[in-house]
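Notes for the one structure printed next.
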Amino acid sequence: MSSITIPSHLDAAHPADIARWAAEQFGVDQLVVTASFEDAVLVHVAATAVPGIEIVLLDTQYLFAETQWFAQQLRQRLDLNLRVEHPAAHVVPDNLWQTDTNACCDVRKVQPLARAIAGKGAWITGVRRVDGPTRANTPIAAYDVGRGLVKVNPLAAFTDDDMALYESLYELPKNPLSERGYPSIGCWPCTRPVAPGEDKRAGRWSGSDKTECGLHV
Ligand code: SF4
């Protein structure tokens, strides 16, 4: 499929309806969700709207222990069909994150993502427009030419208030780090807490020009 027609009503649809639309369009077996487990919203939306949908956590070898714990908590609570995708066997913990973050993200995020989405018709992400300038124009769904499948972003229009309301409505737990100054959570070597008033992604690759790991470019 090289093009896709997105029904106009999806622009204002609830994220669960967007996930259901993707399941109707492609079939559950052709969908994969990638989740960072920074929060519980995306996996709750996906797993309740499309029971049994595959959810992938990219284990970079450098995830915070809190994130690993949170993923397992949600797996049990929401009965997630969770798959953990690891780097290739020859990739072992090293000092690449200190010397070449792009190469480190490539072997620990970009290449494992390629394996996770191989053969799938659509990839569902938690990207939101308010994440930052590079994501401000994120569509609800669009064909990802580089990867050869449709990328669906059910939370694209969700604001931070929408996220908080959703978490409250469904009484979802939080990643413990989010209450300790980490509004954006990646790998521990490349994530620091942010100060009040700072951009919420200011703690990612702090001190460098890097703003994206390569998954959403
Ligand atoms: S975020 Fe940092 S530690 Fe994680 S894969 Fe990228 S460079 Fe490596």
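FYI, nothing fancy with the structure tokens labels: chains A, B, ... in order, residues from 1 per chain, ligands from 1 as they appear.
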**OP:** Within 9 Å of stretch 149-152 of chain A, counting only C-alpha atoms, which residues show up once you throw out same-chain ones fewer than 4 positions away? Write them as number ranges by chain, please.
**Re:** A: 1-4, 18-19, 22, 117, 119-126, 139-145, 156
Original post:
Near A:Leu78, within 9 Å and counting only C-alpha atoms, which residues show up once chain neighbours fewer than 4 positions away are dropped, as a ChimeraX atom specification?
Top reply: /A:43-44,47-48,73-74
Original post:
Can you tell me which residues sit at most 8 Å away from ligand 1, counting only C-alpha atoms and all ligand atoms, written as a list in words?
Top reply: Thr60, Gln61, Tyr62, Leu63, Leu96, Trp97, Gln98, Asp100, Thr101, Asn102, Ala103, Cys104, Cys105, Asp106, Val107, Arg108, Lys109, Gly186, Cys187, Trp188, Pro189, Cys190, Thr191, Arg204, Trp205 and Cys213 of chain A
Selection above as a file: N, CA and C atoms, as a PDB file, in the first residue's frame:
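Output file part-v4.pdb is given in full below:
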ATOM      1  N   THR A  60      16.831  -1.017  24.941  1.00  0.00           N
ATOM      2  CA  THR A  60      18.111  -0.524  24.408  1.00  0.00           C
ATOM      3  C   THR A  60      19.324  -0.999  25.205  1.00  0.00           C
ATOM      4  N   GLN A  61      19.113  -1.725  26.264  1.00  0.00           N
ATOM      5  CA  GLN A  61      20.146  -2.106  27.239  1.00  0.00           C
ATOM      6  C   GLN A  61      20.422  -0.978  28.235  1.00  0.00           C
ATOM      7  N   TYR A  62      19.807   0.184  28.000  1.00  0.00           N
ATOM      8  CA  TYR A  62      20.027   1.329  28.872  1.00  0.00           C
ATOM      9  C   TYR A  62      18.719   1.938  29.379  1.00  0.00           C
ATOM     10  N   LEU A  63      17.669   1.137  29.425  1.00  0.00           N
ATOM     11  CA  LEU A  63      16.412   1.665  29.971  1.00  0.00           C
ATOM     12  C   LEU A  63      16.541   1.831  31.482  1.00  0.00           C
ATOM     13  N   LEU A  96      29.373   3.647  23.430  1.00  0.00           N
ATOM     14  CA  LEU A  96      28.948   4.392  22.243  1.00  0.00           C
ATOM     15  C   LEU A  96      28.094   5.603  22.602  1.00  0.00           C
ATOM     16  N   TRP A  97      27.313   5.481  23.676  1.00  0.00           N
ATOM     17  CA  TRP A  97      26.470   6.622  24.069  1.00  0.00           C
ATOM     18  C   TRP A  97      27.308   7.833  24.463  1.00  0.00           C
ATOM     19  N   GLN A  98      28.598   7.607  24.792  1.00  0.00           N
ATOM     20  CA  GLN A  98      29.483   8.721  25.150  1.00  0.00           C
ATOM     21  C   GLN A  98      30.196   9.302  23.931  1.00  0.00           C
ATOM     22  N   ASP A 100      29.268   8.463  20.293  1.00  0.00           N
ATOM     23  CA  ASP A 100      28.514   8.619  19.042  1.00  0.00           C
ATOM     24  C   ASP A 100      27.066   8.222  19.305  1.00  0.00           C
ATOM     25  N   THR A 101      26.277   9.202  19.748  1.00  0.00           N
ATOM     26  CA  THR A 101      24.893   8.882  20.122  1.00  0.00           C
ATOM     27  C   THR A 101      24.060   8.447  18.918  1.00  0.00           C
ATOM     28  N   ASN A 102      24.367   8.991  17.745  1.00  0.00           N
ATOM     29  CA  ASN A 102      23.581   8.571  16.574  1.00  0.00           C
ATOM     30  C   ASN A 102      23.823   7.092  16.257  1.00  0.00           C
ATOM     31  N   ALA A 103      25.070   6.669  16.336  1.00  0.00           N
ATOM     32  CA  ALA A 103      25.375   5.250  16.081  1.00  0.00           C
ATOM     33  C   ALA A 103      24.757   4.373  17.167  1.00  0.00           C
ATOM     34  N   CYS A 104      24.783   4.863  18.396  1.00  0.00           N
ATOM     35  CA  CYS A 104      24.207   4.099  19.514  1.00  0.00           C
ATOM     36  C   CYS A 104      22.704   3.928  19.316  1.00  0.00           C
ATOM     37  N   CYS A 105      22.009   5.034  18.974  1.00  0.00           N
ATOM     38  CA  CYS A 105      20.566   4.939  18.728  1.00  0.00           C
ATOM     39  C   CYS A 105      20.279   4.052  17.520  1.00  0.00           C
ATOM     40  N   ASP A 106      21.166   4.063  16.548  1.00  0.00           N
ATOM     41  CA  ASP A 106      20.921   3.260  15.347  1.00  0.00           C
ATOM     42  C   ASP A 106      20.880   1.766  15.682  1.00  0.00           C
ATOM     43  N   VAL A 107      21.870   1.286  16.429  1.00  0.00           N
ATOM     44  CA  VAL A 107      21.900  -0.163  16.706  1.00  0.00           C
ATOM     45  C   VAL A 107      20.934  -0.555  17.822  1.00  0.00           C
ATOM     46  N   ARG A 108      20.579   0.413  18.668  1.00  0.00           N
ATOM     47  CA  ARG A 108      19.729   0.070  19.827  1.00  0.00           C
ATOM     48  C   ARG A 108      18.265   0.471  19.669  1.00  0.00           C
ATOM     49  N   LYS A 109      17.981   1.338  18.706  1.00  0.00           N
ATOM     50  CA  LYS A 109      16.588   1.750  18.511  1.00  0.00           C
ATOM     51  C   LYS A 109      16.143   1.554  17.059  1.00  0.00           C
ATOM     52  N   GLY A 186      13.800   8.558  28.304  1.00  0.00           N
ATOM     53  CA  GLY A 186      14.461   7.693  27.334  1.00  0.00           C
ATOM     54  C   GLY A 186      15.413   6.774  28.054  1.00  0.00           C
ATOM     55  N   CYS A 187      16.633   6.666  27.538  1.00  0.00           N
ATOM     56  CA  CYS A 187      17.667   5.847  28.185  1.00  0.00           C
ATOM     57  C   CYS A 187      18.319   6.640  29.320  1.00  0.00           C
ATOM     58  N   TRP A 188      18.792   5.921  30.344  1.00  0.00           N
ATOM     59  CA  TRP A 188      19.342   6.649  31.493  1.00  0.00           C
ATOM     60  C   TRP A 188      20.585   7.479  31.175  1.00  0.00           C
ATOM     61  N   PRO A 189      21.477   7.048  30.261  1.00  0.00           N
ATOM     62  CA  PRO A 189      22.653   7.904  30.043  1.00  0.00           C
ATOM     63  C   PRO A 189      22.313   9.218  29.335  1.00  0.00           C
ATOM     64  N   CYS A 190      21.165   9.264  28.663  1.00  0.00           N
ATOM     65  CA  CYS A 190      20.844  10.405  27.806  1.00  0.00           C
ATOM     66  C   CYS A 190      19.598  11.152  28.275  1.00  0.00           C
ATOM     67  N   THR A 191      19.189  10.935  29.508  1.00  0.00           N
ATOM     68  CA  THR A 191      18.000  11.620  30.018  1.00  0.00           C
ATOM     69  C   THR A 191      18.297  12.186  31.408  1.00  0.00           C
ATOM     70  N   ARG A 204      16.545  15.422  27.308  1.00  0.00           N
ATOM     71  CA  ARG A 204      16.953  14.363  26.375  1.00  0.00           C
ATOM     72  C   ARG A 204      18.194  14.828  25.605  1.00  0.00           C
ATOM     73  N   TRP A 205      19.253  14.066  25.652  1.00  0.00           N
ATOM     74  CA  TRP A 205      20.539  14.404  25.001  1.00  0.00           C
ATOM     75  C   TRP A 205      20.939  15.832  25.365  1.00  0.00           C
ATOM     76  N   CYS A 213      15.803  10.379  18.362  1.00  0.00           N
ATOM     77  CA  CYS A 213      16.647   9.180  18.338  1.00  0.00           C
ATOM     78  C   CYS A 213      16.716   8.536  16.957  1.00  0.00           C
TER      79      CYS A 213
END
**OP:** Mind giving me the straight-line distance from atom CA of A:Asp162 to atom CA of A:Ala13 in Å, one decimal?
**Re:** 13.2 Å
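Shortest separation to A:Ala88 among A:Arg115, A:Arg201, A:Arg192, A:Arg75 occurs at residue A:Arg115, atoms counted being only C-alpha atoms.
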Original post:
Could you write out, as JSON, numbers by chain, all the residues of stretch 42-168 of chain A that DSSP marks as alpha helix (DSSP H)?
Top reply: {"A": [42, 43, 44, 45, 46, 47, 48, 49, 65, 66, 67, 68, 69, 70, 71, 72, 73, 74, 75, 76, 77, 78, 96, 97, 98, 99, 101, 102, 103, 104, 105, 111, 112, 113, 114, 115, 116, 117, 160, 161, 162, 163, 164, 165, 166, 167, 168]}
Can I get the selection written as a compact mmCIF listing (two decimals), in the first residue's frame, with C-alpha atoms?
# COMPACT_ATOMS: atom_id res chain seq x y z
CA LEU A 42 -0.90 4.78 24.57
CA VAL A 43 -0.86 1.16 25.71
CA HIS A 44 -4.20 1.61 27.49
CA VAL A 45 -5.76 3.15 24.37
CA ALA A 46 -4.39 0.41 22.11
CA ALA A 47 -5.07 -2.60 24.33
CA THR A 48 -8.61 -1.59 25.24
CA ALA A 49 -9.61 -0.54 21.71
CA ALA A 65 14.89 0.22 35.95
CA GLU A 66 11.70 2.16 36.65
CA THR A 67 10.65 1.91 33.01
CA GLN A 68 11.29 -1.84 32.93
CA TRP A 69 9.26 -2.22 36.13
CA PHE A 70 6.45 -0.01 34.82
CA ALA A 71 6.18 -2.00 31.59
CA GLN A 72 5.81 -5.24 33.50
CA GLN A 73 3.23 -3.68 35.84
CA LEU A 74 1.15 -2.56 32.89
CA ARG A 75 1.60 -5.88 31.11
CA GLN A 76 -0.07 -7.59 34.05
CA ARG A 77 -2.70 -4.96 34.77
CA LEU A 78 -3.81 -4.45 31.17
CA LEU A 96 28.95 4.39 22.24
CA TRP A 97 26.47 6.62 24.07
CA GLN A 98 29.48 8.72 25.15
CA THR A 99 31.16 8.90 21.77
CA THR A 101 24.89 8.88 20.12
CA ASN A 102 23.58 8.57 16.57
CA ALA A 103 25.37 5.25 16.08
CA CYS A 104 24.21 4.10 19.51
CA CYS A 105 20.57 4.94 18.73
CA GLN A 111 17.51 -1.31 13.74
CA PRO A 112 15.38 -3.09 16.38
CA LEU A 113 12.40 -0.99 15.27
CA ALA A 114 12.95 -2.15 11.69
CA ARG A 115 12.73 -5.75 12.89
CA ALA A 116 9.64 -5.01 15.00
CA ILE A 117 7.68 -3.52 12.11
CA ASP A 160 -0.63 17.48 28.24
CA ASP A 161 -3.98 18.28 29.88
CA ASP A 162 -5.65 15.63 27.73
CA MET A 163 -3.06 13.09 28.89
CA ALA A 164 -3.59 14.00 32.54
CA LEU A 165 -7.36 13.81 32.14
CA TYR A 166 -7.13 10.40 30.45
CA GLU A 167 -4.85 9.07 33.21
CA SER A 168 -7.25 10.37 35.83
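In terms of minimum interatomic distance to A:Val217, A:Val110 ranks closest within A:Val33, A:Val84, A:Val110, A:Leu57, counting only C-alpha atoms.
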Subject >> Long-range neighbours of A:Leu155 as a ChimeraX atom specification, 7 Å cut-off, only C-alpha atoms, 6 positions minimum in chain >> reply: /A:15,126-128
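Considering only stretch 4-211 of chain A, backbone DSSP assigns strand (DSSP E) to A:Leu31, A:Val32, A:Val33, A:Thr34, A:Glu54, A:Ile55, A:Val56, A:Leu57, A:Leu58, A:Asn81, A:Leu82, A:Arg83, A:Val84, A:Glu85, A:Ala122, A:Trp123, A:Ile124, A:Ala141, A:Ala142, A:Tyr143, A:Asp144, A:Leu149, A:Val150, A:Lys151, A:Val152.
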Original post:
Closest to A:Val91 among A:Asp79, A:Asp11, A:Asp59, A:Asp131, using only C-alpha atoms?
Top reply: A:Asp59
